[in-house]
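*Asks:* So that you have it, the file is structure-v8.txt, and it contains compact mmCIF, C-alpha atoms and all ligand atoms:
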```txt
# COMPACT_ATOMS: atom_id res chain seq x y z
CA MET A 1 4.90 7.75 21.29
CA GLU A 2 2.79 8.55 18.20
CA ALA A 3 4.39 9.95 15.06
CA LYS A 4 2.35 12.50 13.07
CA SER A 5 2.47 13.32 9.37
CA ASP A 6 0.48 15.22 6.73
CA VAL A 7 0.13 12.13 4.57
CA LEU A 8 0.67 8.48 5.41
CA ILE A 9 1.05 6.03 2.55
CA ILE A 10 0.44 2.32 3.07
CA GLY A 11 2.53 0.30 0.61
CA GLY A 12 5.75 1.11 -1.22
CA GLY A 13 5.18 -0.24 -4.72
CA LEU A 14 5.10 1.99 -7.80
CA ALA A 15 1.94 3.84 -6.80
CA GLY A 16 2.95 4.48 -3.17
CA LEU A 17 6.53 5.52 -3.96
CA THR A 18 5.49 7.86 -6.80
CA CYS A 19 2.96 9.52 -4.51
CA ALA A 20 5.60 9.82 -1.76
CA ILE A 21 8.00 11.51 -4.21
CA HIS A 22 5.35 13.93 -5.52
CA LEU A 23 4.11 15.02 -2.09
CA SER A 24 7.60 15.21 -0.52
CA LYS A 25 8.71 17.38 -3.45
CA PHE A 26 6.06 19.90 -2.34
CA GLY A 27 7.36 19.92 1.22
CA LEU A 28 4.69 17.77 2.87
CA LYS A 29 5.58 15.59 5.81
CA VAL A 30 5.11 12.11 4.33
CA THR A 31 5.44 8.71 6.00
CA LEU A 32 5.37 5.53 3.93
CA ILE A 33 5.01 2.09 5.49
CA GLU A 34 6.10 -0.90 3.40
CA LYS A 35 6.05 -4.46 4.69
CA ASN A 36 8.94 -5.78 2.57
CA GLU A 37 12.52 -4.65 2.34
CA PHE A 38 14.02 -3.10 -0.81
CA PRO A 39 15.14 -4.20 -3.36
CA LYS A 40 12.83 -7.08 -4.17
CA HIS A 41 11.68 -8.90 -7.30
CA LYS A 42 7.96 -8.74 -8.07
CA VAL A 43 5.67 -10.74 -10.34
CA CYS A 44 5.17 -8.30 -13.21
CA GLY A 45 5.63 -8.15 -17.00
CA GLU A 46 7.93 -5.13 -16.46
CA TYR A 47 6.89 -3.34 -19.65
CA ILE A 48 5.89 0.30 -18.97
CA SER A 49 4.08 2.52 -21.42
CA ASN A 50 5.87 5.78 -22.30
CA GLU A 51 2.73 7.71 -21.35
CA VAL A 52 4.29 8.19 -17.88
CA ILE A 53 7.52 9.82 -19.13
CA PRO A 54 6.44 13.52 -18.98
CA TYR A 55 5.28 13.04 -15.39
CA LEU A 56 8.40 11.10 -14.35
CA ASN A 57 10.52 13.92 -15.85
CA TYR A 58 8.52 16.45 -13.83
CA LEU A 59 9.32 14.46 -10.67
CA ALA A 60 13.00 14.32 -11.73
CA ILE A 61 12.74 10.52 -11.99
CA ASP A 62 15.24 9.65 -14.71
CA VAL A 63 14.59 6.01 -15.62
CA SER A 64 17.23 6.17 -18.38
CA LEU A 65 19.82 5.91 -15.57
CA LEU A 66 18.60 2.34 -15.06
CA LYS A 67 19.34 1.48 -18.71
CA PRO A 68 15.92 0.08 -19.60
CA SER A 69 15.22 -1.60 -22.92
CA LYS A 70 13.36 0.56 -25.44
CA ILE A 71 10.22 -1.17 -26.67
CA THR A 72 8.47 -0.13 -29.89
CA ASP A 73 6.67 -3.20 -31.23
CA LEU A 74 4.08 -5.71 -30.11
CA GLU A 75 3.77 -9.27 -31.32
CA PHE A 76 0.58 -11.11 -30.44
CA SER A 77 -0.05 -14.80 -31.10
CA ASN A 78 -2.84 -17.35 -30.61
CA PRO A 79 -2.22 -20.76 -28.95
CA LYS A 80 -1.32 -22.25 -32.32
CA GLY A 81 1.41 -19.64 -32.76
CA LYS A 82 -0.14 -17.50 -35.50
CA ILE A 83 1.40 -14.04 -35.09
CA ILE A 84 -0.02 -10.54 -35.63
CA SER A 85 2.32 -7.56 -35.19
CA ALA A 86 1.65 -3.92 -34.39
CA LYS A 87 3.59 -0.77 -33.57
CA LEU A 88 3.08 0.54 -30.05
CA HIS A 89 1.92 4.08 -30.80
CA LEU A 90 3.60 5.60 -27.72
CA GLY A 91 6.18 2.89 -27.18
CA GLY A 92 7.45 1.87 -23.78
CA PHE A 93 10.42 0.63 -21.83
CA GLY A 94 11.42 -2.54 -20.00
CA ILE A 95 12.83 -2.31 -16.50
CA SER A 96 12.77 -4.78 -13.62
CA ARG A 97 10.71 -3.90 -10.57
CA TYR A 98 13.80 -4.85 -8.56
CA GLU A 99 15.65 -1.85 -10.03
CA LEU A 100 12.76 0.55 -10.55
CA ASP A 101 11.12 0.30 -7.11
CA TYR A 102 14.52 0.53 -5.42
CA TYR A 103 15.40 3.67 -7.40
CA LEU A 104 12.08 5.28 -6.39
CA PHE A 105 12.61 4.22 -2.78
CA GLU A 106 16.00 5.97 -2.72
CA LYS A 107 14.49 9.05 -4.41
CA ALA A 108 11.65 9.29 -1.88
CA LYS A 109 14.12 9.04 1.03
CA GLU A 110 16.33 11.75 -0.55
CA LEU A 111 13.31 14.07 -0.63
CA GLY A 112 12.73 13.57 3.10
CA CYS A 113 9.97 10.96 3.05
CA LYS A 114 10.12 8.76 6.15
CA ILE A 115 10.05 5.11 5.10
CA ILE A 116 9.30 2.46 7.68
CA GLN A 117 9.51 -1.28 7.17
CA ASP A 118 6.45 -2.70 8.88
CA THR A 119 3.01 -4.12 8.07
CA VAL A 120 -0.03 -1.94 8.64
CA SER A 121 -2.63 -3.99 10.46
CA GLU A 122 -5.33 -1.46 11.35
CA THR A 123 -6.64 1.85 10.05
CA HIS A 124 -9.01 4.01 12.12
CA PHE A 125 -10.61 7.30 11.17
CA LYS A 126 -12.04 9.48 13.92
CA GLU A 127 -12.57 13.22 14.37
CA ASN A 128 -11.11 14.02 10.97
CA GLU A 129 -7.84 12.18 11.66
CA PHE A 130 -6.42 8.74 10.96
CA ASN A 131 -4.77 6.45 13.44
CA ILE A 132 -2.70 3.74 11.77
CA ILE A 133 -1.40 0.71 13.66
CA THR A 134 1.26 -1.73 12.56
CA THR A 135 1.95 -5.35 13.47
CA SER A 136 4.93 -4.13 15.58
CA SER A 137 2.40 -2.05 17.58
CA LEU A 138 3.64 1.27 16.23
CA SER A 139 0.99 3.94 15.95
CA PHE A 140 0.84 6.86 13.50
CA LYS A 141 -1.47 9.85 13.21
CA SER A 142 -2.11 11.51 9.87
CA LYS A 143 -4.53 13.92 8.19
CA ILE A 144 -4.60 11.91 4.97
CA VAL A 145 -4.04 8.22 4.30
CA ILE A 146 -3.31 6.74 0.89
CA GLY A 147 -3.95 3.03 0.28
CA ALA A 148 -1.21 1.76 -2.06
CA PHE A 149 -1.09 -1.79 -0.76
CA GLY A 150 -1.43 -3.55 -4.10
CA LYS A 151 -3.80 -6.09 -5.53
CA ARG A 152 -4.35 -8.17 -2.37
CA SER A 153 -3.48 -7.35 1.23
CA ASN A 154 -4.37 -8.13 4.82
CA LEU A 155 -6.01 -4.68 4.84
CA ASP A 156 -8.58 -5.70 2.22
CA GLN A 157 -9.88 -8.21 4.78
CA LYS A 158 -9.81 -5.62 7.56
CA LEU A 159 -11.72 -3.13 5.43
CA GLU A 160 -14.13 -5.92 4.38
CA ARG A 161 -13.76 -5.00 0.72
CA ASP A 162 -16.23 -6.90 -1.49
CA PHE A 163 -13.69 -8.41 -3.91
CA ILE A 164 -11.73 -10.20 -1.17
CA PHE A 165 -14.67 -12.53 -0.44
CA LYS A 166 -14.90 -13.71 -4.04
CA LYS A 167 -12.77 -16.61 -5.32
CA SER A 168 -10.24 -15.68 -7.93
CA ALA A 169 -9.19 -18.10 -10.63
CA TRP A 170 -5.85 -16.55 -11.64
CA LEU A 171 -2.26 -17.22 -10.74
CA ALA A 172 0.92 -15.74 -12.22
CA VAL A 173 4.51 -16.90 -12.71
CA LYS A 174 7.53 -14.74 -13.52
CA SER A 175 11.25 -15.19 -14.02
CA HIS A 176 14.26 -13.57 -15.61
CA TYR A 177 16.23 -15.45 -18.25
CA SER A 178 19.35 -15.01 -20.30
CA GLY A 179 18.98 -15.76 -23.99
CA VAL A 180 18.08 -14.33 -27.35
CA PHE A 181 15.13 -11.99 -27.75
CA PRO A 182 14.76 -8.69 -29.68
CA ASN A 183 15.34 -5.60 -27.52
CA ASN A 184 12.46 -3.59 -28.97
CA LEU A 185 9.72 -6.20 -28.80
CA VAL A 186 7.04 -7.17 -26.33
CA GLY A 187 5.56 -10.57 -27.12
CA LEU A 188 2.08 -11.42 -25.88
CA HIS A 189 1.39 -15.08 -26.53
CA ASN A 190 -1.80 -16.91 -25.80
CA PHE A 191 -1.93 -20.50 -24.50
CA GLU A 192 -4.77 -22.67 -23.22
CA GLY A 193 -6.22 -20.91 -20.16
CA GLY A 194 -3.76 -18.02 -20.08
CA TYR A 195 -1.29 -15.70 -21.77
CA CYS A 196 2.38 -14.93 -21.44
CA GLY A 197 4.36 -11.68 -21.86
CA VAL A 198 7.98 -11.74 -23.02
CA SER A 199 10.23 -8.66 -23.19
CA LYS A 200 13.70 -7.47 -22.36
CA VAL A 201 14.57 -5.51 -19.20
CA GLU A 202 17.91 -3.91 -18.21
CA ASN A 203 21.23 -5.73 -18.67
CA ASP A 204 19.93 -7.76 -21.60
CA LYS A 205 17.77 -9.95 -19.37
CA ILE A 206 14.51 -11.43 -20.65
CA ASN A 207 11.45 -11.23 -18.44
CA ILE A 208 8.91 -14.00 -18.96
CA CYS A 209 5.69 -13.58 -17.03
CA TYR A 210 2.44 -15.42 -17.52
CA LEU A 211 -1.05 -15.43 -16.12
CA ALA A 212 -2.83 -18.78 -15.97
CA ASN A 213 -6.19 -20.08 -14.99
CA PHE A 214 -5.94 -22.16 -11.80
CA GLU A 215 -8.33 -24.82 -13.17
CA THR A 216 -5.91 -25.57 -16.03
CA PHE A 217 -2.80 -25.24 -13.87
CA LYS A 218 -3.90 -27.63 -11.10
CA LYS A 219 -3.98 -30.59 -13.50
CA TYR A 220 -0.15 -30.52 -13.56
CA LYS A 221 2.40 -31.51 -10.93
CA ASN A 222 4.47 -28.33 -10.94
CA ILE A 223 5.46 -25.22 -12.89
CA GLU A 224 7.98 -27.08 -15.10
CA GLU A 225 5.38 -29.62 -16.19
CA PHE A 226 2.76 -26.91 -16.78
CA GLN A 227 5.23 -24.87 -18.80
CA TYR A 228 6.18 -27.90 -20.88
CA GLU A 229 2.67 -29.32 -21.39
CA VAL A 230 0.58 -26.15 -21.73
CA VAL A 231 2.51 -22.89 -22.07
CA SER A 232 5.00 -24.29 -24.58
CA LYS A 233 2.21 -25.65 -26.79
CA ASN A 234 2.39 -22.19 -28.31
CA PRO A 235 5.41 -22.63 -30.65
CA ASN A 236 6.53 -19.02 -30.06
CA LEU A 237 6.77 -19.63 -26.33
CA LYS A 238 8.45 -22.98 -26.87
CA ALA A 239 11.08 -21.23 -28.99
CA VAL A 240 11.70 -18.61 -26.28
CA PHE A 241 11.95 -21.20 -23.47
CA ASP A 242 14.20 -23.47 -25.57
CA ARG A 243 16.65 -20.63 -26.21
CA SER A 244 16.68 -19.19 -22.66
CA THR A 245 18.34 -20.05 -19.36
CA LEU A 246 16.62 -19.39 -16.05
CA LEU A 247 18.40 -16.74 -13.97
CA PHE A 248 16.31 -17.11 -10.80
CA GLU A 249 16.73 -20.03 -8.45
CA LYS A 250 13.06 -20.74 -9.16
CA PRO A 251 10.24 -18.70 -10.72
CA LEU A 252 8.24 -16.31 -8.53
CA THR A 253 4.54 -17.08 -8.21
CA ILE A 254 1.44 -15.36 -6.89
CA SER A 255 -2.12 -16.63 -6.75
CA GLN A 256 -5.64 -15.37 -6.10
CA ILE A 257 -5.24 -12.45 -8.49
CA SER A 258 -8.52 -10.60 -8.68
CA PHE A 259 -9.72 -8.33 -11.47
CA GLU A 260 -13.00 -7.51 -9.70
CA LYS A 261 -14.17 -3.92 -9.43
CA LYS A 262 -12.96 -2.06 -6.34
CA SER A 263 -13.79 1.27 -4.78
CA ALA A 264 -11.41 4.23 -5.20
CA VAL A 265 -12.12 5.50 -1.68
CA GLU A 266 -12.72 3.25 1.30
CA ASN A 267 -13.18 4.42 4.91
CA HIS A 268 -11.81 7.86 3.78
CA ILE A 269 -8.60 6.24 2.46
CA LEU A 270 -7.76 7.28 -1.12
CA MET A 271 -6.83 4.10 -2.99
CA ILE A 272 -4.19 4.25 -5.73
CA GLY A 273 -2.61 1.70 -8.09
CA ASP A 274 -3.85 -1.87 -7.89
CA THR A 275 -5.58 -1.11 -4.56
CA ALA A 276 -8.16 0.83 -6.58
CA GLY A 277 -8.36 -1.69 -9.44
CA LEU A 278 -6.13 -4.11 -11.32
CA ILE A 279 -6.21 -4.07 -15.11
CA HIS A 280 -5.63 -7.38 -16.94
CA PRO A 281 -1.87 -7.67 -17.54
CA LEU A 282 -2.44 -8.38 -21.23
CA CYS A 283 -3.04 -4.60 -21.55
CA GLY A 284 0.46 -3.85 -20.22
CA ASN A 285 -0.84 -0.75 -18.50
CA GLY A 286 -1.06 -1.49 -14.75
CA MET A 287 2.19 0.28 -13.90
CA ALA A 288 1.27 3.37 -15.91
CA MET A 289 -2.09 3.41 -14.16
CA ALA A 290 -0.41 3.06 -10.76
CA ILE A 291 1.82 6.05 -11.53
CA HIS A 292 -1.04 8.05 -13.04
CA SER A 293 -3.35 7.45 -10.07
CA ALA A 294 -0.54 8.61 -7.75
CA LYS A 295 -0.41 11.84 -9.77
CA ILE A 296 -4.17 12.39 -9.53
CA ALA A 297 -4.21 11.74 -5.77
CA SER A 298 -1.14 13.91 -5.11
CA GLU A 299 -2.50 16.91 -7.04
CA LEU A 300 -5.86 16.73 -5.25
CA ILE A 301 -4.26 16.31 -1.83
CA LEU A 302 -2.07 19.38 -2.41
CA ASP A 303 -5.19 21.36 -3.37
CA PHE A 304 -7.04 20.07 -0.32
CA LEU A 305 -4.26 20.97 2.11
CA ASP A 306 -4.03 24.36 0.39
CA ASN A 307 -7.79 24.86 1.06
CA LYS A 308 -8.56 24.88 -2.68
CA ILE A 309 -10.87 21.94 -2.07
CA GLU A 310 -13.27 22.91 0.69
CA SER A 311 -13.93 19.58 2.42
CA ARG A 312 -12.82 15.98 2.76
CA ASN A 313 -16.06 14.89 1.16
CA LYS A 314 -15.30 17.01 -1.90
CA LEU A 315 -11.75 15.59 -2.04
CA GLU A 316 -13.09 12.04 -2.00
CA GLU A 317 -15.79 12.87 -4.52
CA LYS A 318 -13.30 14.47 -6.92
CA TYR A 319 -10.79 11.65 -6.57
CA THR A 320 -13.46 9.02 -7.35
CA GLN A 321 -14.69 11.07 -10.31
CA PHE A 322 -11.19 11.57 -11.77
CA TRP A 323 -10.27 7.94 -11.18
CA LYS A 324 -13.33 6.71 -13.07
CA ALA A 325 -12.86 9.22 -15.90
CA ASN A 326 -9.29 8.05 -16.47
CA PHE A 327 -9.38 4.31 -15.83
CA LYS A 328 -12.90 2.84 -15.98
CA THR A 329 -12.93 2.26 -19.76
CA ARG A 330 -9.42 0.76 -19.77
CA LEU A 331 -10.34 -1.71 -17.02
CA ALA A 332 -13.55 -2.71 -18.80
CA MET A 333 -11.64 -3.23 -22.06
CA GLY A 334 -9.11 -5.43 -20.22
CA ARG A 335 -11.89 -7.60 -18.75
CA PHE A 336 -13.57 -7.92 -22.14
CA LEU A 337 -10.36 -8.92 -23.93
CA SER A 338 -9.41 -11.40 -21.27
CA ARG A 339 -12.80 -13.13 -21.56
CA ILE A 340 -12.22 -13.53 -25.29
CA LEU A 341 -8.64 -14.77 -24.99
CA VAL A 342 -9.33 -17.57 -22.53
CA HIS A 343 -12.26 -18.87 -24.59
CA GLU A 344 -10.92 -21.19 -27.30
CA LYS A 345 -13.53 -20.53 -30.00
CA LEU A 346 -13.86 -16.81 -29.32
CA SER A 347 -10.10 -16.46 -29.31
CA ALA A 348 -9.84 -18.21 -32.71
CA PHE A 349 -12.55 -15.93 -34.12
CA PHE A 350 -10.80 -12.86 -32.66
CA MET A 351 -7.53 -13.88 -34.31
CA GLN A 352 -9.26 -14.27 -37.68
CA LEU A 353 -10.71 -10.80 -37.23
CA LEU A 354 -7.26 -9.36 -36.52
CA ILE A 355 -5.82 -11.06 -39.59
CA ILE A 356 -8.52 -9.52 -41.83
CA PHE A 357 -8.57 -6.14 -40.04
CA PRO A 358 -5.10 -5.62 -38.53
CA PHE A 359 -5.97 -2.00 -37.58
CA ILE A 360 -8.17 -3.44 -34.78
CA LEU A 361 -5.03 -4.36 -32.83
CA ALA A 362 -3.77 -0.77 -33.01
CA PHE A 363 -7.22 0.41 -31.89
CA ILE A 364 -7.15 -1.98 -28.90
CA ILE A 365 -3.68 -0.78 -27.88
CA LYS A 366 -4.98 2.81 -27.85
CA LYS A 367 -8.05 1.84 -25.82
CA THR A 368 -6.01 0.00 -23.17
CA HIS A 369 -3.38 2.73 -22.80
CA GLY A 370 -3.60 6.32 -21.65
CA LYS A 371 -2.33 9.53 -23.23
CA PRO A 372 0.98 11.11 -22.19
CA LEU A 373 0.41 12.53 -18.69
CA ILE A 374 -0.09 16.28 -18.71
CA ILE A 375 1.45 18.22 -15.86
CA LYS A 376 -0.80 20.62 -13.97
CA SER A 377 0.78 24.10 -14.07
C1 LIG A 401 1.19 -11.27 -14.02
C2 LIG A 401 1.19 -9.78 -14.08
C3 LIG A 401 1.90 -9.14 -15.10
C4 LIG A 401 1.90 -7.75 -15.19
N1 LIG A 401 2.58 -7.14 -16.19
C5 LIG A 401 2.53 -5.80 -16.33
C6 LIG A 401 3.23 -5.15 -17.37
O1 LIG A 401 3.96 -5.74 -18.17
N2 LIG A 401 3.10 -3.79 -17.48
C7 LIG A 401 2.35 -3.07 -16.61
O2 LIG A 401 2.26 -1.84 -16.77
N3 LIG A 401 1.71 -3.66 -15.57
C8 LIG A 401 1.78 -5.00 -15.41
N4 LIG A 401 1.15 -5.59 -14.35
C9 LIG A 401 0.47 -4.76 -13.37
C10 LIG A 401 1.46 -4.12 -12.40
O3 LIG A 401 2.32 -5.09 -11.87
C11 LIG A 401 0.70 -3.44 -11.25
O4 LIG A 401 -0.36 -2.70 -11.78
C12 LIG A 401 1.60 -2.55 -10.42
O5 LIG A 401 2.56 -3.33 -9.77
C13 LIG A 401 0.79 -1.79 -9.38
O6 LIG A 401 1.64 -1.15 -8.46
P1 LIG A 401 1.12 -0.86 -6.99
O7 LIG A 401 2.06 0.10 -6.41
O8 LIG A 401 -0.33 -0.53 -7.03
O9 LIG A 401 1.19 -2.27 -6.25
P2 LIG A 401 2.46 -3.10 -5.78
O10 LIG A 401 3.61 -2.85 -6.65
O11 LIG A 401 1.98 -4.50 -5.62
O12 LIG A 401 2.81 -2.49 -4.35
C14 LIG A 401 2.02 -2.71 -3.21
C15 LIG A 401 2.94 -2.73 -2.01
O13 LIG A 401 2.18 -2.70 -0.81
C16 LIG A 401 2.84 -3.51 0.15
N5 LIG A 401 1.86 -3.85 1.19
C17 LIG A 401 0.76 -4.64 1.06
N6 LIG A 401 0.07 -4.70 2.21
C18 LIG A 401 0.75 -3.92 3.09
C19 LIG A 401 0.54 -3.59 4.45
N7 LIG A 401 -0.53 -4.03 5.12
N8 LIG A 401 1.44 -2.78 5.06
C20 LIG A 401 2.53 -2.31 4.39
N9 LIG A 401 2.78 -2.61 3.09
C21 LIG A 401 1.89 -3.39 2.45
C22 LIG A 401 3.39 -4.67 -0.64
O14 LIG A 401 4.47 -5.30 0.00
C23 LIG A 401 3.80 -3.99 -1.95
O15 LIG A 401 5.17 -3.63 -1.97
C24 LIG A 401 1.17 -6.98 -14.22
C25 LIG A 401 0.48 -7.63 -13.20
C26 LIG A 401 0.49 -9.01 -13.12
C27 LIG A 401 -0.27 -9.69 -12.01
```
What do you get writing this file as structure tokens?
*Replies:*
Amino acid sequence: MEAKSDVLIIGGGLAGLTCAIHLSKFGLKVTLIEKNEFPKHKVCGEYISNEVIPYLNYLAIDVSLLKPSKITDLEFSNPKGKIISAKLHLGGFGISRYELDYYLFEKAKELGCKIIQDTVSETHFKENEFNIITTSSLSFKSKIVIGAFGKRSNLDQKLERDFIFKKSAWLAVKSHYSGVFPNNLVGLHNFEGGYCGVSKVENDKINICYLANFETFKKYKNIEEFQYEVVSKNPNLKAVFDRSTLLFEKPLTISQISFEKKSAVENHILMIGDTAGLIHPLCGNGMAMAIHSAKIASELILDFLDNKIESRNKLEEKYTQFWKANFKTRLAMGRFLSRILVHEKLSAFFMQLLIIFPFILAFIIKKTHGKPLIIKS
């Protein structure tokens, strides 16, 4: 028996859940399929820019209930430990994905969204309708499908997306720690072949999350050795590790992280969040972009179903256009900065530049973040 909905969302991360909440709030019949169960820890720096707050308020998502840390300052250091500081012009908050995604999951269910734990294995579009199939052989029909399946998924292979066939050199490691670290600070510390973010989340826990080049990482036996021999060569990171105690049984890891360009619409599926493009984590803006892209997609879908957008082609055209207008420059800036940071000489030159012209750091923060999200009246 086939279930039918107005909108089917593949993936229940930040982007998918926000979209589910927005569309359910407007009375649409929404189904969301997520392969994992909630709650679950995710590899992420867990710092979110305050630019999303007006929109979250509009959706009645009150993150203050989760007691996040309030982050106002950024500290950036080179591999030798030389520090440059800057104010975050909008500020942000620190909250674990374990708590945040679970809260959004509960909120979406409350609003009537149907959430199914399963893995989508096939998507078909025929006669203006989607047919979605899962690995448990369930089948769903829907007018609209949103791709919110993150940075890398079985569906990228199925859809033969270009980026999936290219090798990716990045892996990431994340863990929570107890220890001493300022509540209002996000530290971004460079080490050979990577960089590491440190900030507080709820309940006084410290999140340490780093991105590393696989070529550098593979020379070491395991994470502990890599952390000791490479990451901790930055004295600021050594100090944090020395004063902290691991709260996870072992750190979470992911590999094959790709920052290649992706398409915002694929086989008529509107892609949101990382599925449409992953910004380098050093920008600390991926979550805000995931939430923002959910807003853009939701508003356009509501207009389309209300016949304010005359055709599916126009919907797809508009979504692509809005997506590029909002995120293309940020993504390009992230790629540019990352190239500098992992290059020893360029990185040293960049640091000198920041020391002489500290306003450049504030400029970069502005260029890698968005403005507070305006609500469409
Ligand atoms: C190392 C690192 C550090 C980061 N730090 C920060 C930071 O500090 N601040 C910030 O703003 N951003 C950060 N980001 C980026 C941020 O984590 C992402 O941009 C954000 O998680 C995107 O959310 P999403 O909903 O698009 O994807 P996800 O949260 O990954 O959700 C995708 C979901 O889809 C599900 N899924 C996949 N395939 C299927 C399928 N076939 N069927 C059903 N479900 C499926 C997955 O299980 C997953 O739950 C970081 C990223 C990395 C890699």
*Asks:* Please list as a PyMOL selection string every residue within 7 Å of region 205-218 of chain A, counting all atoms listed in the file and excluding residues in the same chain fewer than 3 positions away.
*Replies:* chain A and resi 44-45+169-178+193-202+226
*Asks:* Can you work out which one of A:Lys295, A:Lys143, A:Lys35, A:Lys366 has the shortest atom-to-atom distance to Leu59 (chain A), counting all atoms listed in the file?
*Replies:*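 So, comparing all the options, the nearest one is A:Lys295.
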*Asks:* Using all atoms listed in the file, which protein or nucleic acid residues come within 7 Å of Asn183 (chain A)? Drop anything in the same chain fewer than 4 positions from it, and give the result as a compact mmCIF listing (two decimals) with C-alpha atoms, in the frame of the given file.
*Replies:*
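Just written: result_39.txt:
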```txt
# COMPACT_ATOMS: atom_id res chain seq x y z
CA SER A 69 15.22 -1.60 -22.92
CA LYS A 70 13.36 0.56 -25.44
CA ILE A 71 10.22 -1.17 -26.67
CA LYS A 200 13.70 -7.47 -22.36
```
*Asks:* Could you check which of A:Leu246, A:Ile132, A:Ile257, A:Ala325 is closest to ligand LIG 401 (chain A), using only C-alpha atoms and all ligand atoms?
*Replies:*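 Once distances to ligand LIG 401 (chain A) are computed over only C-alpha atoms and all ligand atoms, the minimum belongs to A:Ile257.
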*Asks:* Quick one: distance from atom C3 of ligand LIG 401 (chain A) to CA of Ile116 (chain A) in Å, one decimal?
*Replies:*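 Interatomic distance here is 26.6 Å.
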*Asks:* Got a sec: who's within 12 Å of Gly112 (chain A), counting only C-alpha atoms, leaving out chain neighbours fewer than 4 positions off, as a list in words?
*Replies:*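 Answer for this query is Ala20, Ile21, His22, Leu23, Ser24, Lys25, Phe26, Gly27, Leu28, Lys29, Val30, Thr31, Leu32, Phe105, Glu106, Lys107 and Ala108 of chain A.
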*Asks:* Report, in Å to a single decimal, how far apart CA of Ile296 (chain A) and CA of Val52 (chain A) are.
*Replies:*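 If I compute the distance from CA of Val52 (chain A) to CA of Ile296 (chain A), I get 12.6 Å.
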*Asks:* In terms of the shortest atom-to-atom distance over only C-alpha atoms, which of A:Leu90, A:Leu155, A:Ile83, A:Leu74 is closest to Pro235 (chain A)?
*Replies:*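 For Pro235 (chain A), the nearest of the candidates is A:Ile83.
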*Asks:* With only C-alpha atoms counted, which protein, DNA or RNA residues have an atom no more than 10 Å from (9.0, -18.4, -6.6) in the file frame? Please answer as an NGL selection string.
*Replies:* :A and (41-43 or 173-175 or 223 or 248-254)
*Asks:* Could you check how far CA of Leu247 (chain A) sits from CA of Ser96 (chain A), in Å to one decimal?
*Replies:* 13.2 Å
*Asks:* Tell me which of A:Gly94, A:Gly179, A:Gly284, A:Pro39 sits closest to ligand LIG 401 (chain A), counting all atoms listed in the file.
*Replies:*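 The shortest atom-to-atom distance to ligand LIG 401 (chain A) comes from A:Gly284.
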*Asks:* Nearest to Leu88 (chain A): which of A:Ile301, A:Val145, A:Ile48, A:Ala60 is it, counting only C-alpha atoms?
*Replies:*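 Smallest separation from Leu88 (chain A) among the options: A:Ile48.
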*Asks:* Counting only C-alpha atoms and all ligand atoms, which of A:Asp274, A:Glu310, A:Glu99, A:Glu225 gets nearest to ligand LIG 401 (chain A)?
*Replies:*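 Nearest to ligand LIG 401 (chain A): A:Asp274.
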*Asks:* Contacts of Ala297 (chain A) at 10 Å or less, counting all atoms listed in the file, minus same-chain residues fewer than 6 places along, as a ChimeraX atom specification?
*Replies:* /A:19,22-23,146,270-272,303,315-316,318-320,322-323
*Asks:* Kindly provide, as lines of an AutoDock Vina configuration file, the centre and edge lengths (Å, one decimal) of an axis-aligned box around all atoms of ligand LIG 401 (chain A) given in the file, with 6 Å on each side.
*Replies:*
```
center_x = 2.3
center_y = -5.6
center_z = -6.5
size_x = 17.7
size_y = 23.4
size_z = 35.3
```
*Asks:* Do you know which residues are at most 12 Å from Lys376 (chain A) counting all atoms listed in the file, after dropping those on the same chain fewer than 3 positions away, and could you put them as a ChimeraX atom specification?
*Replies:* /A:54-55,58,295-296,298-300,302-303,373
*Asks:* Add whatever atoms are absent from region 57-64 of chain A to reach N, CA and C atoms, and provide the output as a short mmCIF file (atom, residue, chain, number, x, y, z; two decimals), in the coordinates of the input.
*Replies:*
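Heads up, here's the output in out_11.cif:
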```cif
data_model
loop_
_atom_site.label_atom_id
_atom_site.label_comp_id
_atom_site.auth_asym_id
_atom_site.auth_seq_id
_atom_site.Cartn_x
_atom_site.Cartn_y
_atom_site.Cartn_z
N ASN A 57 9.55 12.82 -15.66
CA ASN A 57 10.52 13.92 -15.85
C ASN A 57 10.23 15.06 -14.87
N TYR A 58 8.95 15.37 -14.74
CA TYR A 58 8.52 16.45 -13.83
C TYR A 58 8.96 16.15 -12.39
N LEU A 59 8.91 14.86 -12.03
CA LEU A 59 9.32 14.46 -10.67
C LEU A 59 10.84 14.24 -10.57
N ALA A 60 11.55 14.54 -11.65
CA ALA A 60 13.00 14.32 -11.73
C ALA A 60 13.36 12.84 -11.52
N ILE A 61 12.47 11.97 -12.01
CA ILE A 61 12.74 10.52 -11.99
C ILE A 61 13.30 10.16 -13.36
N ASP A 62 14.60 9.90 -13.42
CA ASP A 62 15.24 9.65 -14.71
C ASP A 62 15.48 8.15 -14.88
N VAL A 63 14.48 7.47 -15.48
CA VAL A 63 14.59 6.01 -15.62
C VAL A 63 15.70 5.61 -16.58
N SER A 64 16.16 6.54 -17.43
CA SER A 64 17.23 6.17 -18.38
C SER A 64 18.51 5.78 -17.62
#
```
